[in-house]
Structure formats: structure tokens, C-alpha cells
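Data block below; observations after.
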Amino acid sequence: MQIEEVLTELNLTPREASVYTALLELGEGTPITLARKTGLKRTTIYLDLESLRQKQLAGLINGLTS
């Protein structure tokens with residue numbers, strides 16, 4: 001089973017799972033780097049990052065998302 005499948009079973013949306021796994025791979029990043037990594041639009045990344053922050057799965061460090 002792929003990690004994104006496991007994350008969706010844990011109530012993340014497929015987009016959130018994609019952004020979360022990209023963060024795991026990168027360690028940290030900007031919305032632009034996450035958009036490039038995931039193939040999602042930058043505006044979509046902002047929405048998913050906010051959702052991940054609310055779920056306490058991502059945070060901001062010196063302007064970067066981690």
C-alpha cells in the first residue's frame with residue numbers, strides 16, 4: 001500500500017496526502033517548491049497547507065512550511 005493511500009484512510013484528502021508526502025520528502029519548502037513537486041497549482045497548495053496546519057501536520061518555520 002502506498003503512503004498516500006494510508007494517509008487518505010487517515011482522513012486526509014488525496015491532495016493533502018500529496019502535499020504532506022512532498023513535505024516529508026523535502027523536509028521543508030515554499031508553496032512554489034511544493035507546487036512543482038506535486039504538480040498542483042500554487043493557490044491550491046496554500047489551501048491544503050492551511051488544512052494540514054489545522055490538523056497539526058505542518059507548520060511554519062522562518063517563512064517556510066515544514
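Following the order of the C-alpha cells, first chain is A, next is B, and so on, with residues numbered from 1 inside each chain and ligands from 1 in the order they appear.
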Using only C-alpha atoms, determine which residues lie at most 10 Å from stretch 39-45 of chain A, disregarding the query and same-chain residues fewer than 4 positions distant; provide the list as number ranges by chain. A: 15-16, 18-19, 30-35, 49-51
Output for the residues just chosen: N, CA, C and O atoms as a CSV table (one decimal), in the first residue's frame:
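As a result, again.csv now contains:
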```csv
chain,number,residue,atom,x,y,z
A,15,ARG,N,-5.3,15.3,-2.2
A,15,ARG,CA,-4.4,16.5,-2.3
A,15,ARG,C,-3.5,16.7,-1.1
A,15,ARG,O,-2.3,17.0,-1.2
A,16,GLU,N,-4.2,16.7,0.1
A,16,GLU,CA,-3.4,16.9,1.3
A,16,GLU,C,-2.4,15.8,1.5
A,16,GLU,O,-1.2,16.1,1.9
A,18,SER,N,-0.8,14.3,-0.9
A,18,SER,CA,0.2,14.5,-1.8
A,18,SER,C,1.1,15.7,-1.3
A,18,SER,O,2.4,15.5,-1.4
A,19,VAL,N,0.6,16.7,-0.8
A,19,VAL,CA,1.4,17.8,-0.2
A,19,VAL,C,2.1,17.3,1.0
A,19,VAL,O,3.3,17.6,1.2
A,30,THR,N,8.6,25.9,0.2
A,30,THR,CA,7.7,27.0,-0.1
A,30,THR,C,6.5,26.5,-0.9
A,30,THR,O,6.6,25.4,-1.5
A,31,PRO,N,5.4,27.3,-0.9
A,31,PRO,CA,4.3,26.8,-1.8
A,31,PRO,C,4.8,26.6,-3.2
A,31,PRO,O,4.3,25.7,-3.9
A,32,ILE,N,5.7,27.4,-3.7
A,32,ILE,CA,6.2,27.2,-5.1
A,32,ILE,C,6.9,25.9,-5.3
A,32,ILE,O,6.6,25.1,-6.2
A,33,THR,N,7.8,25.5,-4.3
A,33,THR,CA,8.5,24.3,-4.4
A,33,THR,C,7.6,23.1,-4.3
A,33,THR,O,7.7,22.1,-4.9
A,34,LEU,N,6.6,23.2,-3.4
A,34,LEU,CA,5.6,22.2,-3.2
A,34,LEU,C,4.7,22.0,-4.5
A,34,LEU,O,4.4,20.9,-4.8
A,35,ALA,N,4.4,23.1,-5.1
A,35,ALA,CA,3.6,23.1,-6.3
A,35,ALA,C,4.4,22.3,-7.4
A,35,ALA,O,3.8,21.5,-8.1
A,49,LEU,N,-2.1,23.5,2.6
A,49,LEU,CA,-1.2,23.7,3.7
A,49,LEU,C,-1.9,24.2,5.0
A,49,LEU,O,-1.6,23.8,6.1
A,50,GLU,N,-2.9,25.1,4.7
A,50,GLU,CA,-3.7,25.6,5.9
A,50,GLU,C,-4.4,24.5,6.5
A,50,GLU,O,-4.5,24.4,7.8
A,51,SER,N,-5.0,23.6,5.7
A,51,SER,CA,-5.7,22.4,6.3
A,51,SER,C,-4.8,21.5,7.1
A,51,SER,O,-5.1,21.1,8.2
```
What's around stretch 1-7 of chain A at 12 Å? Count only C-alpha atoms, leave out sequence neighbours fewer than 5 positions away in its own chain, and write the answer as a ChimeraX atom specification. /A:12-22,24-25,52,57
Keeping only N, CA, C and O atoms, write the selected residues as a PDB file, in the first residue's frame.
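This went into out.pdb:
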```
ATOM      1  N   LEU A  12      -7.078  12.246   5.380  1.00  0.00           N
ATOM      2  CA  LEU A  12      -6.530  13.322   4.575  1.00  0.00           C
ATOM      3  C   LEU A  12      -7.120  13.195   3.180  1.00  0.00           C
ATOM      4  O   LEU A  12      -7.375  12.085   2.708  1.00  0.00           O
ATOM      5  N   THR A  13      -7.329  14.333   2.537  1.00  0.00           N
ATOM      6  CA  THR A  13      -7.787  14.286   1.150  1.00  0.00           C
ATOM      7  C   THR A  13      -6.605  13.830   0.291  1.00  0.00           C
ATOM      8  O   THR A  13      -5.450  13.923   0.721  1.00  0.00           O
ATOM      9  N   PRO A  14      -6.869  13.355  -0.905  1.00  0.00           N
ATOM     10  CA  PRO A  14      -5.755  12.963  -1.771  1.00  0.00           C
ATOM     11  C   PRO A  14      -4.768  14.107  -2.009  1.00  0.00           C
ATOM     12  O   PRO A  14      -3.555  13.892  -2.037  1.00  0.00           O
ATOM     13  N   ARG A  15      -5.257  15.340  -2.153  1.00  0.00           N
ATOM     14  CA  ARG A  15      -4.365  16.491  -2.335  1.00  0.00           C
ATOM     15  C   ARG A  15      -3.539  16.747  -1.083  1.00  0.00           C
ATOM     16  O   ARG A  15      -2.340  16.991  -1.166  1.00  0.00           O
ATOM     17  N   GLU A  16      -4.177  16.697   0.087  1.00  0.00           N
ATOM     18  CA  GLU A  16      -3.442  16.887   1.339  1.00  0.00           C
ATOM     19  C   GLU A  16      -2.368  15.822   1.492  1.00  0.00           C
ATOM     20  O   GLU A  16      -1.248  16.110   1.905  1.00  0.00           O
ATOM     21  N   ALA A  17      -2.705  14.591   1.154  1.00  0.00           N
ATOM     22  CA  ALA A  17      -1.742  13.494   1.240  1.00  0.00           C
ATOM     23  C   ALA A  17      -0.559  13.733   0.312  1.00  0.00           C
ATOM     24  O   ALA A  17       0.593  13.487   0.676  1.00  0.00           O
ATOM     25  N   SER A  18      -0.831  14.255  -0.874  1.00  0.00           N
ATOM     26  CA  SER A  18       0.229  14.549  -1.830  1.00  0.00           C
ATOM     27  C   SER A  18       1.148  15.650  -1.302  1.00  0.00           C
ATOM     28  O   SER A  18       2.375  15.536  -1.369  1.00  0.00           O
ATOM     29  N   VAL A  19       0.563  16.708  -0.757  1.00  0.00           N
ATOM     30  CA  VAL A  19       1.351  17.809  -0.204  1.00  0.00           C
ATOM     31  C   VAL A  19       2.140  17.326   1.011  1.00  0.00           C
ATOM     32  O   VAL A  19       3.323  17.643   1.161  1.00  0.00           O
ATOM     33  N   TYR A  20       1.519  16.538   1.855  1.00  0.00           N
ATOM     34  CA  TYR A  20       2.178  16.029   3.062  1.00  0.00           C
ATOM     35  C   TYR A  20       3.374  15.145   2.700  1.00  0.00           C
ATOM     36  O   TYR A  20       4.456  15.283   3.279  1.00  0.00           O
ATOM     37  N   THR A  21       3.209  14.250   1.743  1.00  0.00           N
ATOM     38  CA  THR A  21       4.329  13.385   1.353  1.00  0.00           C
ATOM     39  C   THR A  21       5.442  14.205   0.704  1.00  0.00           C
ATOM     40  O   THR A  21       6.618  13.895   0.899  1.00  0.00           O
ATOM     41  N   ALA A  22       5.075  15.241  -0.035  1.00  0.00           N
ATOM     42  CA  ALA A  22       6.102  16.118  -0.613  1.00  0.00           C
ATOM     43  C   ALA A  22       6.883  16.805   0.499  1.00  0.00           C
ATOM     44  O   ALA A  22       8.107  16.919   0.425  1.00  0.00           O
ATOM     45  N   LEU A  24       7.349  15.625   3.504  1.00  0.00           N
ATOM     46  CA  LEU A  24       8.190  14.598   4.113  1.00  0.00           C
ATOM     47  C   LEU A  24       9.465  14.387   3.295  1.00  0.00           C
ATOM     48  O   LEU A  24      10.552  14.247   3.847  1.00  0.00           O
ATOM     49  N   GLU A  25       9.321  14.367   1.979  1.00  0.00           N
ATOM     50  CA  GLU A  25      10.470  14.149   1.107  1.00  0.00           C
ATOM     51  C   GLU A  25      11.424  15.340   1.121  1.00  0.00           C
ATOM     52  O   GLU A  25      12.638  15.163   1.133  1.00  0.00           O
ATOM     53  N   LEU A  52      -3.550  21.300   6.537  1.00  0.00           N
ATOM     54  CA  LEU A  52      -2.556  20.484   7.236  1.00  0.00           C
ATOM     55  C   LEU A  52      -2.096  21.159   8.524  1.00  0.00           C
ATOM     56  O   LEU A  52      -1.859  20.496   9.529  1.00  0.00           O
ATOM     57  N   LEU A  57      -0.251  18.918  11.192  1.00  0.00           N
ATOM     58  CA  LEU A  57       0.650  18.069  10.419  1.00  0.00           C
ATOM     59  C   LEU A  57       1.703  18.877   9.668  1.00  0.00           C
ATOM     60  O   LEU A  57       2.591  18.306   9.040  1.00  0.00           O
TER      61      LEU A  57
END
```
Nearest-residue call for A:Ile61, choices A:Asn11, A:Arg36, A:Glu28, A:Asp48, using only C-alpha atoms: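 Nearest candidate to A:Ile61 out of A:Asn11, A:Arg36, A:Glu28, A:Asp48: A:Glu28.
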Name the residues of chain A that come out as helix (DSSP H, G or I) in a backbone DSSP run; write them as an MDAnalysis selection string. chainID A and resid 3:9 14:26 31:38 42:54
